[in-house]
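Trainee: Before I ask anything, let me first share the structure, which is written out below as structure tokens.
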Amino acid sequence: MKKKIILVTAAVIAFSVLAACGKGEDKKPAENEKKEAGDMEHGGGHGDHSAAAKPASQDLNVSFTFPAGAAKANEETELTIQVTDKDGKTVNKYDVNHEKLLHLIIVNHDLSFFNHIHPEFKGDGKFTVNTSFPAGGEYKVFADFIPTGGINTTLSEWVKVEGKEDKPAAITAEAKLVKEVGGKEIELALSGTKPNEDVTLTFYIRDSKTKKGIDNLQPYLGAVGHVVILSKDANQYLHVHPVNEKAMGPDAKFATSFPQSGTYKLWGQFQHNGDVFTVPFVVDVK
């Protein structure tokens, strides 16, 4: 069956030195959104992104493709990510970024679904991965990668999934930033909640029964943890890495900045005893 191609064109959203986040306005973002992530939040950095010889990410395009034209809810399907340059030529060289060539983030409209997976590079500018979606509706997919000689780049698009849609849930900031996941209690503290200020996110991870801090976290993708942050409308994306990548807990610190007020959802991801666990929080910045 002929594949239906969803093309991503060159609408660019530039990130500030640490991060860029937008207003939490609950509306569908502009179609064919593209983001330049050279200055995006990455604790520990990726070196100098300012060299004039490096190609700008606005010269890149991506398409997300399903074999049947659209995915179906609760059915495993192959998702293909095709990266090309401004002339339509495939991009075939990528730098390893936290142990992977490409990070793929998938969320639904109300951000209740989150998936962080890693497609396999097949050559000819193409990545593929098998995945599934829990319900029908629109999902936003973010391809996060570094073309060799270029800058950290994130390209995104809304894709349609066929099937019954779940009733959307409200995205509301939580008064108490404490969650229990997989026998662990995770508490989040923010050093501030104002826009245009440096903010430290501190995750404190303890055993939910003994309340003893866990100090033997294992590296996840080359670091103590990773944090993905999205504005309420999914227009703004941050992939945040820790201040100290070699930390082992019980606390893990991440530095970021929120240049605009709004509601944001964030997901912290960590690994302990061979299991990766994900903990979500919703915060207001004002």
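Note on naming: chains are A, B, ... as they come in the structure tokens, residues start from 1 per chain, ligands start from 1 in the order shown.
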Write out as a ChimeraX atom specification the residues lying within 12 Å of Phe133 (chain A), counting only C-alpha atoms and excluding same-chain residues fewer than 2 positions away.
Mentor: /A:70-79,106-108,112-115,130-131,135-141,159-166
Trainee: Could you pull out all residues of region 172-215 of chain A with a DSSP call of strand (DSSP E) and give them as a compact mmCIF listing (two decimals) with N, CA, C and O atoms, in the first residue's frame?
Mentor:
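Below you can see selection-v4.txt, which holds the result:
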# COMPACT_ATOMS: atom_id res chain seq x y z
N VAL A 178 5.03 15.31 44.52
CA VAL A 178 5.53 14.04 45.02
C VAL A 178 4.76 12.93 44.32
O VAL A 178 3.52 12.95 44.30
N LYS A 179 5.47 11.96 43.74
CA LYS A 179 4.83 10.84 43.04
C LYS A 179 5.45 9.53 43.48
O LYS A 179 6.63 9.47 43.85
N GLU A 180 4.66 8.46 43.43
CA GLU A 180 5.18 7.13 43.69
C GLU A 180 5.11 6.31 42.41
O GLU A 180 4.04 6.19 41.79
N VAL A 181 6.25 5.78 42.01
CA VAL A 181 6.35 5.00 40.77
C VAL A 181 7.23 3.78 41.03
O VAL A 181 8.38 3.92 41.46
N LYS A 184 9.11 3.46 44.28
CA LYS A 184 9.97 4.60 44.59
C LYS A 184 9.13 5.85 44.78
O LYS A 184 8.14 6.05 44.08
N GLU A 185 9.54 6.68 45.69
CA GLU A 185 8.88 7.97 45.91
C GLU A 185 9.80 9.06 45.37
O GLU A 185 10.96 9.16 45.79
N ILE A 186 9.28 9.84 44.44
CA ILE A 186 10.08 10.88 43.80
C ILE A 186 9.48 12.23 44.13
O ILE A 186 8.29 12.47 43.90
N GLU A 187 10.30 13.11 44.68
CA GLU A 187 9.87 14.46 45.02
C GLU A 187 10.63 15.46 44.16
O GLU A 187 11.85 15.37 44.02
N LEU A 188 9.90 16.37 43.57
CA LEU A 188 10.50 17.40 42.71
C LEU A 188 10.48 18.74 43.41
O LEU A 188 9.46 19.16 43.95
N ALA A 189 11.60 19.42 43.39
CA ALA A 189 11.70 20.78 43.91
C ALA A 189 12.25 21.70 42.82
O ALA A 189 13.20 21.34 42.12
N LEU A 190 11.65 22.87 42.67
CA LEU A 190 12.12 23.87 41.72
C LEU A 190 12.69 25.05 42.49
O LEU A 190 12.07 25.53 43.45
N ASP A 198 17.08 31.48 35.61
CA ASP A 198 17.63 30.13 35.69
C ASP A 198 16.93 29.36 36.79
O ASP A 198 16.72 29.88 37.89
N VAL A 199 16.57 28.13 36.50
CA VAL A 199 15.85 27.29 37.45
C VAL A 199 16.57 25.96 37.58
O VAL A 199 16.97 25.37 36.57
N THR A 200 16.72 25.50 38.82
CA THR A 200 17.26 24.16 39.04
C THR A 200 16.12 23.23 39.43
O THR A 200 15.36 23.51 40.36
N LEU A 201 16.00 22.14 38.68
CA LEU A 201 15.03 21.10 39.00
C LEU A 201 15.76 20.02 39.78
O LEU A 201 16.74 19.45 39.28
N THR A 202 15.31 19.73 40.99
CA THR A 202 15.94 18.70 41.80
C THR A 202 14.96 17.58 42.06
O THR A 202 13.89 17.78 42.65
N PHE A 203 15.31 16.39 41.59
CA PHE A 203 14.52 15.19 41.85
C PHE A 203 15.18 14.45 43.01
O PHE A 203 16.36 14.10 42.95
N TYR A 204 14.41 14.21 44.07
CA TYR A 204 14.91 13.41 45.19
C TYR A 204 14.20 12.07 45.14
O TYR A 204 12.96 12.01 45.16
N ILE A 205 14.98 10.99 45.08
CA ILE A 205 14.42 9.66 44.85
C ILE A 205 14.69 8.78 46.07
O ILE A 205 15.84 8.59 46.46
N ARG A 206 13.63 8.27 46.68
CA ARG A 206 13.75 7.44 47.88
C ARG A 206 12.90 6.19 47.74
O ARG A 206 12.00 6.12 46.88
N ASP A 207 13.18 5.21 48.56
CA ASP A 207 12.37 4.01 48.62
C ASP A 207 11.02 4.37 49.23
O ASP A 207 10.96 5.03 50.28
Trainee: Fewer than 5 positions away in the same chain doesn't count, so skip those; otherwise give me all residues within 12 Å of Val276 (chain A), counting only C-alpha atoms, as a list in words.
Mentor: His116, Val181, Gly182, Lys184, Leu217, Gln218, Pro219, Tyr220, Leu221, Val224, Gly225, His226, Gly268, Gln269, Phe270 and Gln271 of chain A
Trainee: Between A:Gly222, A:Pro67, A:Gly192, A:Pro280, single out the one closest to Ser257 (chain A), counting only C-alpha atoms.
Mentor: A:Gly192
Trainee: A:Lys100, A:His272, A:Lys176, A:Lys265: which is nearest Lys232 (chain A), counting only C-alpha atoms?
Mentor: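 Checking each candidate against Lys232 (chain A), we get A:Lys265 as the closest.
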Trainee: Fewer than 6 positions away in the same chain doesn't count, so skip those; otherwise give me all residues within 8 Å of Lys86 (chain A), counting only C-alpha atoms, as a ChimeraX atom specification.
Mentor: /A:59-61
